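Peer 1: Below is the file target-v2.txt, with compact mmCIF, C-alpha atoms and all ligand atoms.
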# COMPACT_ATOMS: atom_id res chain seq x y z
CA MET A 1 101.76 107.64 56.35
CA SER A 2 99.43 108.38 59.26
CA ARG A 3 98.05 104.83 58.82
CA ARG A 4 101.55 103.60 59.64
CA GLY A 5 101.53 105.57 62.88
CA VAL A 6 103.69 108.44 61.59
CA GLU A 7 102.77 111.62 63.46
CA ALA A 8 102.73 115.00 61.66
CA SER A 9 102.62 113.11 58.39
CA ARG A 10 101.37 116.08 56.33
CA LEU A 11 104.26 118.25 57.45
CA ASP A 12 106.68 115.38 56.82
CA GLY A 13 105.17 114.88 53.37
CA GLU A 14 105.67 118.55 52.50
CA LEU A 15 109.25 118.55 53.76
CA LEU A 16 110.06 115.40 51.80
CA LEU A 17 108.39 116.71 48.66
CA ALA A 18 110.43 119.91 48.92
CA LYS A 19 113.55 117.75 49.33
CA ALA A 20 112.63 115.66 46.26
CA LEU A 21 112.13 118.83 44.22
CA ASP A 22 115.17 120.56 45.71
CA LEU A 23 112.98 123.45 46.84
CA ARG A 24 112.23 125.18 50.12
CA ARG A 25 108.97 124.03 51.72
CA ILE A 26 107.45 127.49 51.23
CA ASP A 27 108.11 127.25 47.46
CA LEU A 28 105.64 124.35 47.23
CA PHE A 29 102.80 126.77 47.89
CA MET A 30 103.87 129.15 45.12
CA ASP A 31 103.03 126.61 42.42
CA PRO A 32 100.81 123.99 44.06
CA ASP A 33 99.55 122.44 40.80
CA ARG A 34 102.99 121.84 39.28
CA PRO A 35 103.11 118.20 38.08
CA LEU A 36 106.08 116.04 39.09
CA ASN A 37 108.25 114.54 36.38
CA ALA A 38 109.14 110.84 36.53
CA VAL A 39 112.47 111.36 38.32
CA GLU A 40 110.98 113.69 40.93
CA LEU A 41 108.15 111.24 41.53
CA ALA A 42 110.57 108.34 41.98
CA VAL A 43 112.72 110.33 44.44
CA PHE A 44 109.63 111.43 46.39
CA LYS A 45 108.24 107.89 46.56
CA GLY A 46 111.60 106.61 47.79
CA LEU A 47 111.62 109.17 50.59
CA LEU A 48 108.01 108.37 51.53
CA LEU A 49 108.78 104.66 51.74
CA ARG A 50 111.75 105.33 54.02
CA ARG A 51 109.59 107.58 56.20
CA ALA A 52 106.88 104.93 56.35
CA ALA A 53 109.59 102.59 57.69
CA ARG A 54 109.92 105.19 60.49
CA GLU A 55 113.27 106.63 59.42
CA PRO A 56 113.45 110.11 61.01
CA VAL A 57 112.75 113.12 58.81
CA ALA A 58 116.05 114.70 59.90
CA HIS A 59 117.95 111.72 58.45
CA LEU A 60 116.00 111.90 55.20
CA LEU A 61 116.55 115.63 54.85
CA GLY A 62 120.14 115.36 56.09
CA VAL A 63 119.71 118.46 58.23
CA ARG A 64 117.99 119.61 61.41
CA GLU A 65 117.61 123.13 62.72
CA PHE A 66 118.96 123.87 66.19
CA TRP A 67 119.22 127.35 67.71
CA GLY A 68 118.52 128.81 64.27
CA LEU A 69 121.44 126.91 62.71
CA GLU A 70 120.90 124.37 59.97
CA LEU A 71 123.05 121.44 61.11
CA LEU A 72 123.89 118.16 59.44
CA SER A 73 122.01 115.18 60.77
CA SER A 74 122.46 111.46 60.15
CA ALA A 75 122.22 108.11 61.89
CA ASP A 76 125.76 108.70 63.19
CA ALA A 77 124.72 111.13 65.94
CA LEU A 78 121.64 111.94 68.00
CA ILE A 79 119.28 114.34 66.25
CA PRO A 80 119.47 117.58 68.27
CA ARG A 81 116.28 118.11 70.28
CA PRO A 82 114.56 121.46 70.87
CA GLU A 83 114.70 120.92 74.65
CA SER A 84 118.52 120.90 74.49
CA GLU A 85 118.35 124.58 73.49
CA LEU A 86 117.68 125.16 77.21
CA LEU A 87 121.34 124.26 77.84
CA VAL A 88 122.33 127.17 75.61
CA GLU A 89 119.82 129.52 77.27
CA ALA A 90 121.07 128.52 80.72
CA VAL A 91 124.64 129.43 79.83
CA LEU A 92 123.57 132.72 78.21
CA GLY A 93 121.71 133.58 81.41
CA CYS A 94 124.92 133.18 83.42
CA PHE A 95 127.45 134.83 81.10
CA SER A 96 125.61 137.86 79.73
CA ASP A 97 128.70 139.52 78.19
CA ARG A 98 128.84 137.79 74.79
CA GLN A 99 132.33 139.14 74.10
CA GLN A 100 133.85 137.19 77.00
CA PRO A 101 136.47 134.64 75.89
CA VAL A 102 134.73 131.82 77.75
CA GLN A 103 136.28 128.37 77.65
CA ILE A 104 133.76 125.63 77.09
CA PHE A 105 133.86 121.86 77.58
CA GLU A 106 131.17 119.59 76.17
CA PRO A 107 131.59 115.91 76.98
CA CYS A 108 129.06 113.76 75.02
CA VAL A 109 129.22 116.34 72.22
CA GLY A 110 127.37 114.18 69.65
CA SER A 111 126.47 116.22 66.56
CA GLY A 112 128.03 119.29 68.18
CA ALA A 113 124.71 121.16 68.15
CA VAL A 114 125.01 122.69 71.63
CA SER A 115 128.65 123.68 71.14
CA CYS A 116 127.85 125.15 67.71
CA ALA A 117 125.16 127.33 69.29
CA LEU A 118 127.51 128.46 72.08
CA MET A 119 130.36 129.18 69.65
CA ARG A 120 127.96 131.32 67.62
CA GLU A 121 126.71 133.21 70.69
CA TYR A 122 130.20 133.80 72.11
CA PRO A 123 132.43 134.82 69.18
CA ALA A 124 135.54 134.94 71.39
CA ALA A 125 134.89 131.55 73.01
CA CYS A 126 136.95 128.46 72.46
CA GLY A 127 136.35 124.95 73.64
CA VAL A 128 136.75 121.22 73.58
CA GLY A 129 134.19 118.52 72.88
CA GLY A 130 134.55 114.80 73.43
CA ASP A 131 132.58 111.68 72.59
CA LEU A 132 133.05 107.92 72.63
CA SER A 133 131.65 107.72 69.11
CA LEU A 134 134.04 108.51 66.27
CA ALA A 135 131.09 108.67 63.87
CA ALA A 136 129.39 111.33 66.03
CA LEU A 137 132.64 113.30 66.26
CA ALA A 138 132.84 113.36 62.47
CA VAL A 139 129.36 114.93 62.38
CA ALA A 140 130.38 117.47 65.04
CA ALA A 141 133.50 118.38 63.06
CA ARG A 142 131.48 118.97 59.91
CA ASN A 143 128.90 121.04 61.78
CA LEU A 144 131.54 123.25 63.38
CA GLN A 145 133.10 123.68 59.95
CA ARG A 146 129.71 124.48 58.46
CA ILE A 147 129.07 127.35 60.87
CA GLY A 148 132.63 128.65 60.56
CA CYS A 149 133.73 127.81 64.12
CA ALA A 150 135.95 124.76 63.59
CA GLY A 151 139.11 126.67 64.52
CA ARG A 152 137.80 127.49 68.00
CA MET A 153 136.70 124.05 69.11
CA GLY A 154 138.86 120.95 69.48
CA LEU A 155 137.35 117.47 69.43
CA PHE A 156 138.63 114.26 70.99
CA ALA A 157 137.52 110.66 71.19
CA GLY A 158 137.28 109.36 74.72
CA ASP A 159 135.28 108.64 77.83
CA LEU A 160 133.94 111.92 79.31
CA ASP A 161 137.02 113.96 80.34
CA GLY A 162 139.41 110.99 80.31
CA CYS A 163 141.64 112.43 77.57
CA LEU A 164 142.14 115.87 79.11
CA ALA A 165 145.26 116.83 81.07
CA SER A 166 144.55 116.80 84.80
CA GLU A 167 144.96 120.55 85.38
CA VAL A 168 142.59 121.78 82.61
CA ARG A 169 139.51 123.69 83.84
CA PHE A 170 136.70 125.50 82.02
CA ASP A 171 134.28 128.40 82.53
CA VAL A 172 131.40 126.42 81.07
CA ILE A 173 130.61 122.71 81.04
CA VAL A 174 127.54 121.58 79.10
CA VAL A 175 126.46 117.96 79.01
CA ASN A 176 123.55 116.16 77.43
CA PRO A 177 124.45 112.59 78.40
CA PRO A 178 122.58 109.40 77.52
CA TYR A 179 119.95 109.19 80.28
CA ILE A 180 117.20 106.78 79.23
CA PRO A 181 116.81 103.85 81.64
CA ARG A 182 117.64 100.64 79.80
CA TRP A 183 114.24 99.11 80.53
CA GLU A 184 112.54 102.03 78.73
CA MET A 185 114.57 101.62 75.54
CA ALA A 186 112.22 99.06 74.00
CA ASP A 187 109.25 101.43 74.40
CA LEU A 188 110.80 104.38 72.58
CA GLN A 189 109.23 105.55 69.32
CA PRO A 190 110.57 103.49 66.38
CA GLU A 191 112.20 106.64 64.94
CA VAL A 192 114.36 106.85 68.05
CA ARG A 193 114.74 103.19 69.03
CA ASP A 194 115.52 101.84 65.56
CA TRP A 195 117.35 104.73 63.92
CA GLU A 196 119.27 106.74 66.52
CA PRO A 197 122.55 105.55 68.09
CA ARG A 198 121.96 103.41 71.17
CA LEU A 199 125.12 104.85 72.73
CA ALA A 200 123.48 108.29 72.67
CA LEU A 201 120.36 107.11 74.49
CA ASP A 202 121.05 104.22 76.85
CA GLY A 203 121.83 105.59 80.29
CA GLY A 204 122.36 102.19 81.89
CA LEU A 205 120.05 100.26 84.19
CA ASP A 206 118.43 103.29 85.86
CA GLY A 207 119.41 105.93 83.28
CA LEU A 208 121.84 107.57 85.70
CA GLU A 209 125.07 105.75 84.83
CA ILE A 210 126.77 108.76 83.23
CA LEU A 211 124.89 111.37 85.29
CA ARG A 212 126.31 109.83 88.51
CA ARG A 213 129.83 110.53 87.25
CA LEU A 214 129.19 114.20 86.56
CA PRO A 215 129.59 115.70 90.07
CA GLY A 216 133.17 114.36 90.09
CA LEU A 217 133.82 115.66 86.60
CA VAL A 218 132.43 119.10 87.41
CA GLN A 219 134.45 119.20 90.65
CA THR A 220 137.71 118.68 88.77
CA ARG A 221 136.94 120.58 85.55
CA LEU A 222 134.91 123.69 86.42
CA ARG A 223 136.52 127.00 87.40
CA SER A 224 135.39 128.68 90.61
CA GLU A 225 133.15 131.22 88.83
CA GLY A 226 132.05 128.77 86.23
CA VAL A 227 128.75 127.22 85.23
CA ALA A 228 127.77 123.65 84.46
CA ALA A 229 124.47 122.91 82.68
CA ILE A 230 123.36 119.30 82.49
CA GLU A 231 120.35 117.94 80.63
CA VAL A 232 118.36 115.26 82.46
CA GLY A 233 115.39 112.97 81.80
CA HIS A 234 111.86 114.12 82.68
CA ASP A 235 111.92 112.61 86.21
CA GLN A 236 115.63 112.88 87.02
CA GLY A 237 115.99 116.57 87.95
CA GLU A 238 115.69 116.26 91.74
CA ARG A 239 117.84 113.14 91.91
CA VAL A 240 120.63 114.68 89.86
CA ALA A 241 120.45 117.99 91.75
CA GLY A 242 120.63 115.93 94.97
CA MET A 243 123.79 114.17 93.74
CA PHE A 244 125.46 117.55 93.24
CA ARG A 245 124.29 118.93 96.60
CA SER A 246 125.51 115.87 98.46
CA SER A 247 128.85 116.20 96.67
CA GLY A 248 129.26 119.65 98.25
CA PHE A 249 127.93 122.01 95.55
CA ALA A 250 125.90 124.84 97.11
CA GLU A 251 124.46 126.66 94.08
CA VAL A 252 122.38 124.03 92.34
CA SER A 253 119.09 124.77 90.58
CA ILE A 254 116.71 123.06 88.17
CA LEU A 255 115.33 124.74 85.04
CA ASN A 256 112.09 123.67 83.35
CA ASP A 257 111.70 123.34 79.60
CA TYR A 258 108.78 124.81 77.61
CA HIS A 259 106.61 121.86 78.59
CA ARG A 260 107.35 122.69 82.26
CA ILE A 261 109.39 119.53 82.58
CA PRO A 262 112.50 119.78 84.79
CA ARG A 263 115.17 119.52 82.11
CA VAL A 264 118.44 121.18 83.09
CA VAL A 265 120.40 121.03 86.33
CA LEU A 266 122.48 124.18 86.69
CA ILE A 267 125.54 124.37 88.95
CA ARG A 268 127.26 127.69 89.61
CA ASN A 269 130.30 128.95 91.47
CA PRO A 270 131.74 125.67 92.77
CA VAL A 271 134.12 125.89 95.70
CA ILE A 272 137.50 124.67 94.46
CA PRO A 273 139.39 122.81 97.18
C1 LIG B 301 122.27 112.34 74.28
S1 LIG B 301 123.60 112.37 73.11
C2 LIG B 301 123.95 114.10 73.11
C3 LIG B 301 124.47 114.62 71.82
C4 LIG B 301 124.55 116.14 71.71
N1 LIG B 301 125.35 116.72 72.76
C5 LIG B 301 123.16 116.74 71.72
O1 LIG B 301 122.81 117.39 72.73
O2 LIG B 301 122.42 116.60 70.75
C6 LIG B 301 124.87 111.67 74.11
C7 LIG B 301 126.23 111.51 73.44
O3 LIG B 301 127.14 110.96 74.42
C8 LIG B 301 128.01 110.04 73.83
N2 LIG B 301 128.52 109.17 74.90
C9 LIG B 301 127.89 108.13 75.49
N3 LIG B 301 128.66 107.64 76.49
C10 LIG B 301 129.77 108.41 76.54
C11 LIG B 301 130.95 108.43 77.37
N4 LIG B 301 131.11 107.54 78.37
N5 LIG B 301 131.89 109.37 77.14
C12 LIG B 301 131.74 110.27 76.14
N6 LIG B 301 130.66 110.30 75.31
C13 LIG B 301 129.70 109.39 75.52
C14 LIG B 301 127.16 109.38 72.75
O4 LIG B 301 127.98 108.83 71.74
C15 LIG B 301 126.30 110.56 72.27
O5 LIG B 301 126.93 111.21 71.18
Output the file's structure in the form of structure tokens.

Peer 2:
Amino acid sequence: MSRRGVEASRLDGELLLAKALDLRRIDLFMDPDRPLNAVELAVFKGLLLRRAAREPVAHLLGVREFWGLELLSSADALIPRPESELLVEAVLGCFSDRQQPVQIFEPCVGSGAVSCALMREYPAACGVGGDLSLAALAVAARNLQRIGCAGRMGLFAGDLDGCLASEVRFDVIVVNPPYIPRWEMADLQPEVRDWEPRLALDGGLDGLEILRRLPGLVQTRLRSEGVAAIEVGHDQGERVAGMFRSSGFAEVSILNDYHRIPRVVLIRNPVIP
């Protein structure tokens, strides 16, 4: 597979072999000389061919780990990325009492990964997630069900907060919007460009189409002692923080991810007019 440009192909191969044999990856090393029967070999070859066509491993396995949770993954919703765990960390850093009944809103909820993590961390929390994609919402619903939190989180189909009643406000708003500039879309890795939903990636001409709408959303939806955490592209942190500051927010900061890339814009304690 490495000849076809697939990175980490040994790891992928092991994960796919474990999938074909219906084992955990670690079990492969317990009996490394075990021969494959004809069915196992056919299943494994099928998976390898799909991987060589650059289909993401998460789609082939049907799951992806996020925040220690094994979540369902398919072409219907963006595969949750490790850097999005910073959204969860940012909220935890602001609301340290895990028993608080925080109310959470996640527009652009996708697979529901971030909301699943927050629901797990705050057992008394409840929330609402929205997305334009019905297919993504179906994945989110199944993931919330899978982790036993479906009863605490409502889902709706719609544009950002368009379906919510005008007076509804939240303690926490988390957003990982599409933020890739349209002109960069063609240069994405094939796994992303050809297999992940365009709606989850394409942030419009300059990548900021949805991000530009978020100061207004946060202004109308966040409670006065609330927190909004917004994921941004690698070079968008200062611009997005600037949009919030020029919209009148005073407590705006930028958090770096583990690669020291500015990744999350954090807004606290908005002044409610
Ligand atoms: C980058 S993905 C984030 C998914 C998930 N929250 C995560 O972090 O893995 C962005 C999501 O926003 C949704 N989306 C795009 N435009 C939207 C809009 N105007 N209103 C609501 N959702 C939108 C896409 O369908 C996609 O599921």

Peer 1: Take the point (135.6, 116.8, 88.7) as written in the file and pick out every residue within 12 Å of it, counting only C-alpha atoms; give the list as a VMD selection string.

Peer 2: chain A and resid 160 to 162 164 166 to 170 173 212 to 223 228 244 247 to 249 270 to 273

Peer 1: So which residues touch Cys126 of chain A within 8 Å, counting all atoms listed in the file, skipping near sequence neighbours fewer than 5 positions away, as a list in words?

Peer 2: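 Contacts, in chain order: Pro101, Val102, Gln103, Ile104, Met119, Arg152 and Met153 of chain A.
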
Peer 1: Can you tell me which residues surround Tyr179 of chain A at a distance of at most 12 Å, considering all atoms listed in the file, apart from same-chain residues fewer than 3 positions away, and format the answer as a ChimeraX atom specification?

Peer 2: /A:108,175-176,182-185,198-212,230-237,240,263

Peer 1: Quick one: contact table of chain A to ligand LIG 301 (chain B), 7 Å max, nearest atom pair and distance in Å to one decimal per residue, counting all atoms listed in the file, chain and number order, as JSON lines?

Peer 2:
{"residue": "A:Ala77", "atom": "CA", "partner": "B:LIG301", "partner_atom": "O5", "distance": 5.7}
{"residue": "A:Leu78", "atom": "CA", "partner": "B:LIG301", "partner_atom": "C3", "distance": 5.5}
{"residue": "A:Ile79", "atom": "CA", "partner": "B:LIG301", "partner_atom": "O2", "distance": 5.9}
{"residue": "A:Pro80", "atom": "CA", "partner": "B:LIG301", "partner_atom": "O2", "distance": 4.0}
{"residue": "A:Arg81", "atom": "CA", "partner": "B:LIG301", "partner_atom": "O2", "distance": 6.3}
{"residue": "A:Ser84", "atom": "CA", "partner": "B:LIG301", "partner_atom": "O1", "distance": 5.8}
{"residue": "A:Pro107", "atom": "CA", "partner": "B:LIG301", "partner_atom": "C12", "distance": 5.7}
{"residue": "A:Cys108", "atom": "CA", "partner": "B:LIG301", "partner_atom": "O3", "distance": 3.4}
{"residue": "A:Val109", "atom": "CA", "partner": "B:LIG301", "partner_atom": "N1", "distance": 3.9}
{"residue": "A:Gly110", "atom": "CA", "partner": "B:LIG301", "partner_atom": "O5", "distance": 3.4}
{"residue": "A:Ser111", "atom": "CA", "partner": "B:LIG301", "partner_atom": "C4", "distance": 5.5}
{"residue": "A:Gly112", "atom": "CA", "partner": "B:LIG301", "partner_atom": "C4", "distance": 5.9}
{"residue": "A:Ala113", "atom": "CA", "partner": "B:LIG301", "partner_atom": "O2", "distance": 5.7}
{"residue": "A:Val114", "atom": "CA", "partner": "B:LIG301", "partner_atom": "O1", "distance": 5.8}
{"residue": "A:Gly130", "atom": "CA", "partner": "B:LIG301", "partner_atom": "C12", "distance": 6.0}
{"residue": "A:Asp131", "atom": "CA", "partner": "B:LIG301", "partner_atom": "N6", "distance": 3.6}
{"residue": "A:Leu132", "atom": "CA", "partner": "B:LIG301", "partner_atom": "N6", "distance": 4.3}
{"residue": "A:Ser133", "atom": "CA", "partner": "B:LIG301", "partner_atom": "O4", "distance": 4.6}
{"residue": "A:Ala136", "atom": "CA", "partner": "B:LIG301", "partner_atom": "O5", "distance": 5.7}
{"residue": "A:Gly158", "atom": "CA", "partner": "B:LIG301", "partner_atom": "C12", "distance": 5.8}
{"residue": "A:Asp159", "atom": "CA", "partner": "B:LIG301", "partner_atom": "N5", "distance": 3.5}
{"residue": "A:Leu160", "atom": "CA", "partner": "B:LIG301", "partner_atom": "N5", "distance": 3.9}
{"residue": "A:Val175", "atom": "CA", "partner": "B:LIG301", "partner_atom": "N1", "distance": 6.5}
{"residue": "A:Asn176", "atom": "CA", "partner": "B:LIG301", "partner_atom": "C2", "distance": 4.8}
{"residue": "A:Pro177", "atom": "CA", "partner": "B:LIG301", "partner_atom": "C6", "distance": 4.4}
{"residue": "A:Pro178", "atom": "CA", "partner": "B:LIG301", "partner_atom": "C1", "distance": 4.4}
{"residue": "A:Leu199", "atom": "CA", "partner": "B:LIG301", "partner_atom": "C14", "distance": 5.0}
{"residue": "A:Ala200", "atom": "CA", "partner": "B:LIG301", "partner_atom": "C15", "distance": 3.6}
{"residue": "A:Leu201", "atom": "CA", "partner": "B:LIG301", "partner_atom": "C1", "distance": 5.6}
{"residue": "A:Ile210", "atom": "CA", "partner": "B:LIG301", "partner_atom": "N4", "distance": 6.6}

Peer 1: Can you tell me how far atom CA of Leu47 of chain A sits from atom CA of Glu83 of chain A, in Å to one decimal?

Peer 2: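 Calculated distance between atom CA of Leu47 of chain A and atom CA of Glu83 of chain A is 27.0 Å.
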
Peer 1: One decimal, Å: what's the distance from atom CA of Gln99 of chain A over to atom CA of Glu70 of chain A, could you say?

Peer 2: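 So the two atoms, atom CA of Gln99 of chain A and atom CA of Glu70 of chain A, lie 23.4 Å apart.
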
Peer 1: Of the residues A:Leu28, A:Ile147, A:Ala53, A:Leu188, which is the one nearest to Phe66 of chain A, using only C-alpha atoms?

Peer 2: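 Looking at the shortest contact to Phe66 of chain A, the residue is A:Ile147.
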
Peer 1: Centre and edge lengths, as lines of an AutoDock Vina configuration file, for the axis-aligned box enclosing every listed atom of segment 148-151 of chain A with 3 Å of padding on each of the six sides, in Å to one decimal?

Peer 2:
center_x = 135.9
center_y = 126.7
center_z = 62.5
size_x = 12.5
size_y = 9.9
size_z = 10.0

Peer 1: Could you jot down the atom CA of Asp22 of chain A to atom CA of Pro82 of chain A separation for me, Å, one decimal place?

Peer 2: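 Taking atom CA of Asp22 of chain A as the start and atom CA of Pro82 of chain A as the end point, the length is 25.2 Å.
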
Peer 1: Excluding Trp195 of chain A and residues on its chain fewer than 5 positions from it, collect all residues at most 8 Å away from it, counting all atoms listed in the file, and give them as number ranges by chain.

Peer 2: A: 55-56, 75, 190

Peer 1: Would you pick out the contacts of segment 11-15 of chain A at 8 Å or less, using only C-alpha atoms, so that residues sharing its chain but fewer than 2 positions from it are not included, and give the list as a PyMOL selection string?

Peer 2: chain A and resi 8-9+17-19+25+28+48+57+61

Peer 1: Just checking: using only C-alpha atoms, which residue out of A:His59, A:Ser96, A:Leu144, A:Cys116 ends up closest to Ser74 of chain A?

Peer 2: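 Distance minimum relative to Ser74 of chain A lands on A:His59.
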
Peer 1: Which residues come within 6 Å of Ala229 of chain A, counting only C-alpha atoms, excluding same-chain residues fewer than 6 positions away, as JSON, numbers by chain?

Peer 2: {"A": [87, 174, 265, 266]}

Peer 1: Rank A:Leu118, A:Ala157, A:Leu16, A:Ala124 by their smallest atom-to-atom distance to Ala52 of chain A, using only C-alpha atoms, and report the top residue only.

Peer 2: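 Under the stated criterion, the closest residue is A:Leu16.
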